[in-house]
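Below is model_1.tsv, holding TSV, C-alpha atoms.
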```tsv
chain	number	residue	atom	x	y	z
G	217	MET	CA	0.00	0.00	0.00
G	218	PRO	CA	1.58	3.33	-1.03
G	219	ARG	CA	2.29	5.73	1.78
G	220	LYS	CA	0.10	8.39	0.18
G	221	ALA	CA	-2.88	6.05	0.16
G	222	ALA	CA	-2.11	4.87	3.67
G	223	ARG	CA	-2.27	8.42	4.96
G	224	GLN	CA	-5.64	9.18	3.41
G	225	GLY	CA	-8.19	9.68	6.16
G	226	ARG	CA	-5.62	10.92	8.66
G	227	ASP	CA	-5.57	14.54	7.51
G	228	PRO	CA	-7.48	17.16	9.57
G	229	GLU	CA	-10.29	17.62	7.03
G	230	ARG	CA	-10.99	13.88	6.89
G	231	ARG	CA	-10.96	13.77	10.69
G	232	ARG	CA	-13.58	16.55	10.82
G	233	THR	CA	-15.70	14.63	8.31
G	234	VAL	CA	-15.42	11.48	10.41
G	235	ILE	CA	-16.48	13.32	13.57
G	236	ARG	CA	-19.46	14.89	11.79
G	237	SER	CA	-20.47	11.44	10.49
G	238	ILE	CA	-20.35	9.92	13.96
G	239	GLY	CA	-22.34	12.84	15.29
G	240	ARG	CA	-25.12	12.12	12.79
G	241	THR	CA	-25.31	8.39	13.52
G	242	GLY	CA	-23.88	8.03	17.02
G	243	ARG	CA	-25.27	8.05	20.55
G	244	ALA	CA	-26.76	11.52	20.40
G	245	GLY	CA	-28.05	11.36	16.84
G	246	ARG	CA	-29.14	7.78	16.12
G	247	ARG	CA	-32.86	7.47	15.60
G	248	GLY	CA	-34.70	4.93	17.70
G	249	ALA	CA	-33.07	2.33	19.91
G	250	GLN	CA	-29.34	1.69	19.89
G	251	PRO	CA	-27.51	-1.52	18.95
G	252	LYS	CA	-26.49	-3.87	21.73
G	253	VAL	CA	-22.75	-4.31	21.32
G	254	VAL	CA	-20.48	-6.74	23.20
G	255	ALA	CA	-16.70	-6.31	22.94
G	256	LEU	CA	-14.37	-9.11	24.05
G	257	GLY	CA	-10.65	-8.90	24.77
G	258	GLY	CA	-8.31	-7.43	27.32
G	259	GLY	CA	-5.61	-4.85	27.92
G	260	MET	CA	-5.04	-1.83	25.72
G	261	GLY	CA	-6.59	-3.45	22.66
G	262	LEU	CA	-9.97	-3.81	24.32
G	263	SER	CA	-9.63	-0.32	25.78
G	264	ALA	CA	-9.15	1.08	22.26
G	265	SER	CA	-12.26	-0.72	21.04
G	266	LEU	CA	-14.37	0.45	23.99
G	267	THR	CA	-13.20	4.05	23.67
G	268	ALA	CA	-14.40	3.95	20.07
G	269	LEU	CA	-17.63	2.03	20.62
G	270	ARG	CA	-18.90	4.23	23.44
G	271	ARG	CA	-19.00	7.03	20.86
G	272	ILE	CA	-21.60	5.22	18.76
G	273	THR	CA	-23.78	3.28	21.21
G	274	GLY	CA	-24.87	3.55	24.82
G	275	ASP	CA	-25.69	-0.16	25.06
G	276	LEU	CA	-22.19	-1.59	25.43
G	277	THR	CA	-20.78	-4.53	27.40
G	278	ALA	CA	-17.13	-5.48	27.76
G	279	VAL	CA	-16.23	-9.13	28.44
G	280	VAL	CA	-12.68	-9.23	29.77
G	281	THR	CA	-10.06	-11.97	30.03
G	282	VAL	CA	-8.87	-12.94	33.54
G	283	ALA	CA	-5.57	-14.71	32.88
G	284	ASP	CA	-3.19	-11.83	33.71
G	285	ASP	CA	-0.49	-12.77	36.22
G	286	GLY	CA	1.94	-9.85	36.01
G	287	GLY	CA	2.41	-6.51	37.76
G	288	SER	CA	-0.10	-5.23	40.28
G	289	SER	CA	-2.74	-7.72	39.15
G	290	GLY	CA	-0.41	-10.67	39.60
G	291	ARG	CA	0.61	-9.54	43.08
G	292	LEU	CA	-3.01	-9.14	44.21
G	293	ARG	CA	-3.89	-12.47	42.64
G	294	ASP	CA	-1.05	-14.26	44.43
G	295	GLU	CA	-1.64	-12.59	47.79
G	296	LEU	CA	-5.43	-12.64	47.95
G	297	GLY	CA	-6.47	-15.36	45.51
G	298	VAL	CA	-8.68	-12.95	43.54
G	299	LEU	CA	-9.31	-12.47	39.85
G	300	PRO	CA	-6.64	-10.25	38.27
G	301	PRO	CA	-8.33	-6.82	38.24
G	302	GLY	CA	-6.02	-4.96	35.84
G	303	ASP	CA	-7.73	-5.55	32.51
G	304	LEU	CA	-11.14	-5.01	34.14
G	305	ARG	CA	-9.87	-1.66	35.46
G	306	LYS	CA	-8.59	-0.63	32.03
G	307	ALA	CA	-11.95	-1.45	30.47
G	308	LEU	CA	-13.80	0.63	33.07
G	309	ALA	CA	-11.43	3.55	32.51
G	310	ALA	CA	-11.99	3.32	28.75
G	311	LEU	CA	-15.76	3.58	29.29
G	312	CYS	CA	-15.42	6.85	31.23
G	313	GLY	CA	-16.87	9.87	29.46
G	314	ASP	CA	-15.01	12.84	28.01
G	315	ASP	CA	-16.48	15.29	30.55
G	316	ASP	CA	-14.65	16.47	33.68
G	317	TRP	CA	-16.14	13.67	35.81
G	318	GLY	CA	-15.15	10.96	33.38
G	319	ARG	CA	-11.64	12.25	32.75
G	320	THR	CA	-10.99	12.72	36.47
G	321	TRP	CA	-12.12	9.23	37.45
G	322	SER	CA	-10.34	7.63	34.52
G	323	GLU	CA	-7.08	9.20	35.73
G	324	VAL	CA	-7.76	8.24	39.36
G	325	VAL	CA	-8.39	4.53	38.73
G	326	GLN	CA	-5.37	4.36	36.42
G	327	HIS	CA	-3.08	6.13	38.91
G	328	ARG	CA	-0.19	3.99	40.19
G	329	PHE	CA	1.55	4.56	43.50
G	330	LYS	CA	5.28	5.23	43.45
G	331	SER	CA	7.10	4.30	46.64
G	332	GLU	CA	9.79	2.15	48.18
G	333	GLY	CA	7.18	0.02	49.95
G	334	ALA	CA	4.52	-2.59	49.30
G	335	LEU	CA	2.17	-0.16	47.52
G	336	HIS	CA	4.67	0.54	44.75
G	337	ASP	CA	3.14	0.22	41.28
G	338	HIS	CA	-0.29	-0.81	42.55
G	339	ALA	CA	-3.08	0.87	40.57
G	340	VAL	CA	-5.78	2.64	42.59
G	341	GLY	CA	-8.49	1.00	40.50
G	342	ASN	CA	-7.13	-2.48	41.18
G	343	LEU	CA	-7.33	-1.90	44.94
G	344	LEU	CA	-10.83	-0.42	44.66
G	345	ILE	CA	-12.13	-3.36	42.63
G	346	VAL	CA	-10.62	-5.97	44.95
G	347	ALA	CA	-11.95	-4.14	48.03
G	348	LEU	CA	-15.48	-4.24	46.63
G	349	TRP	CA	-15.12	-7.91	45.71
G	350	GLU	CA	-14.25	-8.63	49.33
G	351	GLN	CA	-17.03	-6.41	50.66
G	352	LEU	CA	-19.80	-7.65	48.36
G	353	GLY	CA	-18.65	-11.19	47.55
G	354	ASP	CA	-19.96	-10.77	44.00
G	355	HIS	CA	-17.69	-10.00	41.02
G	356	VAL	CA	-20.42	-8.64	38.78
G	357	GLN	CA	-22.16	-6.53	41.41
G	358	ALA	CA	-18.85	-4.98	42.45
G	359	LEU	CA	-17.86	-4.09	38.87
G	360	ASP	CA	-21.31	-2.61	38.24
G	361	LEU	CA	-20.86	-0.45	41.34
G	362	VAL	CA	-17.44	0.78	40.18
G	363	GLY	CA	-18.93	1.54	36.78
G	364	LYS	CA	-21.69	3.56	38.42
G	365	LEU	CA	-19.14	5.54	40.43
G	366	LEU	CA	-17.12	6.29	37.31
G	367	GLY	CA	-20.17	7.13	35.20
G	368	ALA	CA	-19.06	4.41	32.77
G	369	HIS	CA	-20.80	4.33	29.40
G	370	GLY	CA	-21.31	0.59	29.50
G	371	ARG	CA	-20.84	-2.52	31.60
G	372	VAL	CA	-17.71	-4.55	32.35
G	373	LEU	CA	-17.81	-8.30	33.04
G	374	PRO	CA	-15.09	-10.92	33.57
G	375	MET	CA	-15.25	-13.83	31.14
G	376	SER	CA	-14.89	-16.29	34.04
G	377	ALA	CA	-15.28	-16.04	37.82
G	378	VAL	CA	-12.16	-18.11	38.52
G	379	PRO	CA	-8.56	-16.92	38.05
G	380	LEU	CA	-7.11	-18.58	34.96
G	381	GLU	CA	-3.60	-19.43	33.86
G	382	LEU	CA	-2.44	-19.36	30.28
G	383	GLU	CA	-0.32	-22.25	29.02
G	384	ALA	CA	1.31	-22.12	25.59
G	385	LEU	CA	3.04	-24.56	23.30
G	386	VAL	CA	6.08	-22.64	22.03
G	387	ARG	CA	8.69	-23.51	19.45
G	388	GLY	CA	12.10	-22.07	20.31
G	389	HIS	CA	11.35	-20.74	23.78
G	390	ASP	CA	14.85	-21.96	24.62
G	391	VAL	CA	16.99	-19.80	22.33
G	392	HIS	CA	19.68	-22.49	22.31
G	393	ARG	CA	17.19	-25.05	20.90
G	394	PRO	CA	15.27	-23.11	18.24
G	395	GLN	CA	13.28	-26.12	16.98
G	396	ALA	CA	12.44	-27.61	20.38
G	397	LEU	CA	8.86	-27.45	21.67
G	398	SER	CA	8.22	-26.25	25.22
G	399	ARG	CA	5.19	-25.78	27.46
G	400	VAL	CA	5.25	-22.26	28.89
G	401	ARG	CA	2.85	-21.21	31.63
G	402	GLY	CA	1.78	-17.70	32.65
G	403	GLN	CA	0.44	-14.79	30.61
G	404	ALA	CA	3.44	-12.57	31.32
G	405	THR	CA	5.85	-15.32	30.24
G	406	VAL	CA	3.88	-16.15	27.09
G	407	ALA	CA	3.68	-12.48	26.11
G	408	LEU	CA	7.47	-12.11	26.19
G	409	THR	CA	8.57	-15.48	24.82
G	410	PRO	CA	11.37	-15.29	22.25
G	411	GLY	CA	9.90	-18.33	20.48
G	412	GLU	CA	6.88	-18.91	18.23
G	413	VAL	CA	3.58	-19.51	20.02
G	414	LEU	CA	1.77	-22.40	18.34
G	415	GLN	CA	-1.19	-22.99	20.65
G	416	VAL	CA	-2.61	-21.79	23.95
G	417	VAL	CA	-4.87	-23.47	26.51
G	418	LEU	CA	-6.36	-22.36	29.80
G	419	VAL	CA	-5.69	-23.85	33.21
G	420	PRO	CA	-8.02	-25.06	34.58
G	421	HIS	CA	-9.33	-26.49	31.34
G	422	ASP	CA	-12.99	-25.85	30.52
G	423	PRO	CA	-13.46	-23.02	33.05
G	424	PRO	CA	-17.00	-21.81	33.79
G	425	ALA	CA	-18.14	-18.60	32.12
G	426	VAL	CA	-19.79	-15.76	33.99
G	427	PRO	CA	-23.52	-16.21	33.20
G	428	GLU	CA	-24.05	-12.49	32.58
G	429	ALA	CA	-21.29	-12.55	29.97
G	430	VAL	CA	-22.89	-15.49	28.17
G	431	GLN	CA	-26.28	-13.78	28.21
G	432	ALA	CA	-24.82	-10.51	26.93
G	433	VAL	CA	-23.37	-12.32	23.91
G	434	LEU	CA	-26.66	-14.11	23.21
G	435	ASP	CA	-28.63	-10.85	23.45
G	436	ALA	CA	-26.23	-8.77	21.35
G	437	ASP	CA	-26.79	-7.25	17.92
G	438	TRP	CA	-23.03	-7.04	17.31
G	439	VAL	CA	-20.07	-8.85	18.86
G	440	ILE	CA	-16.54	-7.45	18.49
G	441	LEU	CA	-13.50	-9.68	19.16
G	442	GLY	CA	-10.13	-7.91	19.29
G	443	PRO	CA	-7.91	-6.05	18.88
G	444	GLY	CA	-5.43	-7.00	21.59
G	445	SER	CA	-2.66	-9.42	22.55
G	446	TRP	CA	-3.70	-12.27	20.29
G	447	PHE	CA	-2.79	-15.32	22.36
G	448	SER	CA	-3.23	-13.82	25.83
G	449	SER	CA	-6.23	-11.48	25.45
G	450	VAL	CA	-8.21	-12.43	22.34
G	451	ILE	CA	-8.05	-16.22	21.85
G	452	PRO	CA	-8.64	-17.08	25.57
G	453	HIS	CA	-12.32	-16.11	25.16
G	454	LEU	CA	-12.65	-18.96	22.68
G	455	LEU	CA	-11.26	-21.43	25.24
G	456	VAL	CA	-14.15	-20.97	27.68
G	457	PRO	CA	-16.68	-23.55	26.42
G	458	GLU	CA	-19.87	-21.74	27.48
G	459	LEU	CA	-18.62	-18.50	25.99
G	460	LEU	CA	-17.58	-20.12	22.72
G	461	ASP	CA	-20.97	-21.82	22.53
G	462	ALA	CA	-22.69	-18.45	23.01
G	463	LEU	CA	-20.48	-16.85	20.34
G	464	THR	CA	-21.42	-19.67	17.98
G	465	ARG	CA	-25.17	-19.60	18.72
G	466	THR	CA	-25.78	-15.86	18.98
G	467	LYS	CA	-27.80	-14.18	16.25
G	468	ALA	CA	-25.50	-11.17	16.50
G	469	ARG	CA	-23.21	-10.25	13.66
G	470	ARG	CA	-19.54	-10.75	14.52
G	471	VAL	CA	-16.53	-8.54	13.78
G	472	LEU	CA	-12.90	-9.61	14.18
G	473	SER	CA	-10.83	-6.48	14.72
G	474	LEU	CA	-7.15	-6.99	13.87
G	475	ASN	CA	-4.11	-5.42	15.47
G	476	LEU	CA	-2.14	-2.62	13.86
G	477	ALA	CA	1.16	-4.48	14.13
G	478	PRO	CA	2.61	-7.77	15.41
G	479	GLN	CA	3.37	-7.86	19.12
G	480	PRO	CA	7.04	-8.45	19.95
G	481	GLY	CA	7.37	-11.90	21.48
G	482	GLU	CA	3.80	-13.15	21.34
G	483	THR	CA	3.09	-12.63	17.63
G	484	ASP	CA	6.45	-11.40	16.36
G	485	GLY	CA	6.54	-11.63	12.57
G	486	PHE	CA	2.84	-12.47	12.21
G	487	SER	CA	1.06	-11.15	9.12
G	488	PRO	CA	-2.60	-10.06	9.38
G	489	GLN	CA	-3.66	-13.32	7.74
G	490	ARG	CA	-1.57	-15.34	10.20
G	491	HIS	CA	-3.57	-13.78	13.06
G	492	VAL	CA	-6.74	-15.03	11.39
G	493	GLU	CA	-5.29	-18.49	10.74
G	494	VAL	CA	-4.30	-19.15	14.37
G	495	LEU	CA	-7.74	-18.03	15.54
G	496	VAL	CA	-9.31	-20.55	13.13
G	497	GLN	CA	-7.02	-23.25	14.57
G	498	HIS	CA	-8.33	-22.57	18.09
G	499	ALA	CA	-12.03	-22.25	17.14
G	500	PRO	CA	-12.56	-23.86	13.71
G	501	LYS	CA	-16.37	-23.73	13.87
G	502	LEU	CA	-16.69	-20.06	14.82
G	503	ALA	CA	-17.76	-17.80	11.94
G	504	PHE	CA	-17.46	-14.04	11.55
G	505	ASP	CA	-19.15	-11.53	9.27
G	506	VAL	CA	-16.38	-8.93	8.97
G	507	VAL	CA	-12.62	-8.77	9.50
G	508	LEU	CA	-11.56	-5.16	10.16
G	509	ALA	CA	-7.97	-4.05	9.53
G	510	ASP	CA	-6.05	-0.84	8.98
G	511	ARG	CA	-5.27	-0.32	5.30
G	512	ALA	CA	-1.61	0.48	5.91
G	513	ALA	CA	-1.14	-2.68	8.01
G	514	VAL	CA	-2.15	-5.08	5.21
G	515	PRO	CA	0.57	-5.41	2.56
G	516	ASP	CA	-1.09	-8.51	1.03
G	517	GLN	CA	-4.81	-7.87	0.77
G	518	GLU	CA	-5.54	-11.00	-1.26
G	519	SER	CA	-4.00	-13.31	1.37
G	520	LEU	CA	-6.05	-11.64	4.09
G	521	ARG	CA	-9.20	-11.99	1.98
G	522	LEU	CA	-8.58	-15.72	1.55
G	523	ALA	CA	-7.92	-16.17	5.27
G	524	ALA	CA	-11.10	-14.25	6.14
G	525	GLU	CA	-13.10	-16.52	3.82
G	526	ARG	CA	-12.26	-19.42	6.13
G	527	LEU	CA	-14.22	-17.52	8.80
G	528	GLY	CA	-17.06	-16.80	6.39
G	529	ALA	CA	-16.12	-13.12	6.60
G	530	SER	CA	-15.50	-10.23	4.26
G	531	VAL	CA	-12.61	-7.81	4.81
G	532	GLN	CA	-13.17	-4.17	5.67
G	533	LEU	CA	-10.07	-1.98	5.30
G	534	ALA	CA	-10.17	1.44	6.92
G	535	PRO	CA	-7.69	4.00	8.29
G	536	VAL	CA	-7.92	3.38	12.04
G	537	ALA	CA	-4.35	4.03	13.26
G	538	ALA	CA	-3.45	7.22	15.11
G	539	VAL	CA	-1.14	9.74	13.52
G	540	GLY	CA	2.45	9.10	14.58
G	541	ASP	CA	2.20	5.31	14.82
G	542	PRO	CA	4.75	3.08	13.02
G	543	LEU	CA	2.39	2.79	10.07
G	544	THR	CA	2.83	6.50	9.38
G	545	GLY	CA	6.37	7.03	10.55
G	546	GLY	CA	7.20	6.68	14.22
G	547	GLY	CA	5.77	6.21	17.70
G	548	SER	CA	3.89	3.25	19.15
G	549	ALA	CA	1.01	1.55	17.35
G	550	ARG	CA	-2.35	2.68	18.68
G	551	HIS	CA	-5.85	3.14	17.34
G	552	ASP	CA	-7.41	6.54	16.80
G	553	PRO	CA	-10.73	6.44	18.74
G	554	GLU	CA	-12.63	8.59	16.26
G	555	LEU	CA	-11.39	6.75	13.18
G	556	LEU	CA	-12.04	3.37	14.80
G	557	ALA	CA	-15.52	4.53	15.84
G	558	ALA	CA	-16.22	5.61	12.26
G	559	ALA	CA	-15.07	2.21	10.96
G	560	TYR	CA	-17.33	0.33	13.38
G	561	ASP	CA	-20.25	2.62	12.61
G	562	ARG	CA	-19.78	2.12	8.88
G	563	ILE	CA	-19.68	-1.67	9.35
G	564	PHE	CA	-22.86	-1.58	11.44
G	565	ARG	CA	-24.68	0.39	8.74
G	566	MET	CA	-23.25	-1.45	5.71
G	567	HIS	CA	-23.93	-4.95	6.99
G	568	GLY	CA	-27.46	-4.39	8.15
G	569	ARG	CA	-29.26	-5.30	11.33
G	570	ILE	CA	-30.52	-8.49	12.90
G	571	GLY	CA	-34.00	-7.16	13.54
G	572	PRO	CA	-34.58	-3.68	14.98
G	573	TRP	CA	-32.14	-2.32	17.55
G	574	ARG	CA	-33.55	-3.38	20.89
```
Write the structure described by the file as structure tokens, please.
Amino acid sequence: MPRKAARQGRDPERRRTVIRSIGRTGRAGRRGAQPKVVALGGGMGLSASLTALRRITGDLTAVVTVADDGGSSGRLRDELGVLPPGDLRKALAALCGDDDWGRTWSEVVQHRFKSEGALHDHAVGNLLIVALWEQLGDHVQALDLVGKLLGAHGRVLPMSAVPLELEALVRGHDVHRPQALSRVRGQATVALTPGEVLQVVLVPHDPPAVPEAVQAVLDADWVILGPGSWFSSVIPHLLVPELLDALTRTKARRVLSLNLAPQPGETDGFSPQRHVEVLVQHAPKLAFDVVLADRAAVPDQESLRLAAERLGASVQLAPVAAVGDPLTGGGSARHDPELLAAAYDRIFRMHGRIGPWR
């Protein structure tokens, strides 16, 4: 894709057009009821999707992975035996509004303590979530209460009510034995492996899904999977049997939202079509309607189209990367919330509705 074409849509005039378009069809301007949208994932990828989706619907549910074992979340998990709260916190922060209240609370829950003691690097939101879990004894009720405090534009649910571990089959995890296969356990370890991840499973196997998450998927008009860390945030949702069954049975249309770039370690060297292929390997019976990717991130559009066909999906290419990311010459890869919102909104309108918005 030529650089000139890749930059189309990122100039100021296009951005203004995008914002006006969202204003006509989004939360404030959409006629009638709004679509029920469920977004699944974890970490910054899910946060990017939620930040975009809350601009176009007020009926939004995030279903979040609970396999994190690093940082503040890992410490709380080890010490207290709780679900890792970090990705849940990030999702709640992403659902905060753009007014003073929303911006303030988003910053508060994301704030990390800096000290020489035990509080160092703990996030305020992690401690708040865990405190409410202990007080209420109910994961969903506690997260709903935090969402109410933050004025969140949507609901956040864990995909399972038990802490999960990620286990991966990796080729070349031992750099001295590049062809050897190893079993690697732990999300943080998998994310940073120098080898090639071939397959992931959850421990315990066949974990129970949170019933509210299953029901949200069944009731949805649209389901969005990704973007995010492919093996540690996206694919784990497909390894929870009740959740995979709901994703298969739902009458919602399904969108697979691809990453802007491979993730060092976990998906190093992966092409866009390779991301699709490994997802098919983990859930061969799951179909999608649309695969969304940034135009500049797809050097081989035909290969991606063929991979998407295995999912039963068409490919939608759109400029969704923020100015200054590696696709346009420097910085870290991240989605532009307004451009991503416009891409989702266009997909929702182009691909029709499953009945009226409820």
Residue among G:Pro301, G:Pro457, G:Pro553, G:Pro424 lying closest to G:Gly258, counting all atoms listed in the file: G:Pro301
Å distance separating atom CA of G:Pro480 from atom CA of G:Val507, one decimal place: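 Result for atom CA of G:Pro480 versus atom CA of G:Val507: 22.3 Å, one decimal.
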Selection: 12 Å around G:Ser322, only C-alpha atoms, excl. self and same-chain fewer than 5 positions, as a list in words: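 Returned residues: Ser263, Thr267, Arg305, Lys306, Ala307, Leu308, Ala309, Ala310, Leu311, Cys312, Gly313, Asp314, Asp315, Asp316, Trp317, His327, Ala339, Val340, Gly341, Val362, Gly363, Leu365, Leu366, Gly367 and Ala368 of chain G.
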Near G:Ala432, within 7 Å and counting all atoms listed in the file, which residues show up once chain neighbours fewer than 4 positions away are dropped, as a PDB file with C-alpha atoms, keeping the file's coordinate frame?
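Full text of part-v3.pdb as output:
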```
ATOM      1  CA  VAL G 254     -20.480  -6.740  23.200  1.00  0.00           C
ATOM      2  CA  GLU G 428     -24.050 -12.490  32.580  1.00  0.00           C
ATOM      3  CA  ALA G 436     -26.230  -8.770  21.350  1.00  0.00           C
TER       4      ALA G 436
END
```
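Here atom CA of G:Gly297 stands at a distance of 14.3 Å from atom CA of G:Asp354.
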Straight-line distance linking atom CA of G:His567 with atom CA of G:Val433, stated in Å to one decimal: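 Separating atom CA of G:His567 from atom CA of G:Val433 is a distance of 18.5 Å.
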Which of G:Val406, G:Ala529, G:Ala334, G:Ala557 sits closest to G:Arg469 [using only C-alpha atoms]: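 Looking only at the distances to G:Arg469, the closest residue turns out to be G:Ala529.
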Among listed residues G:Pro423, G:Pro478, G:Pro535, G:Gly402, nearest G:Ser448 (using only C-alpha atoms):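 Using only C-alpha atoms, G:Ser448 sits closest to G:Gly402.
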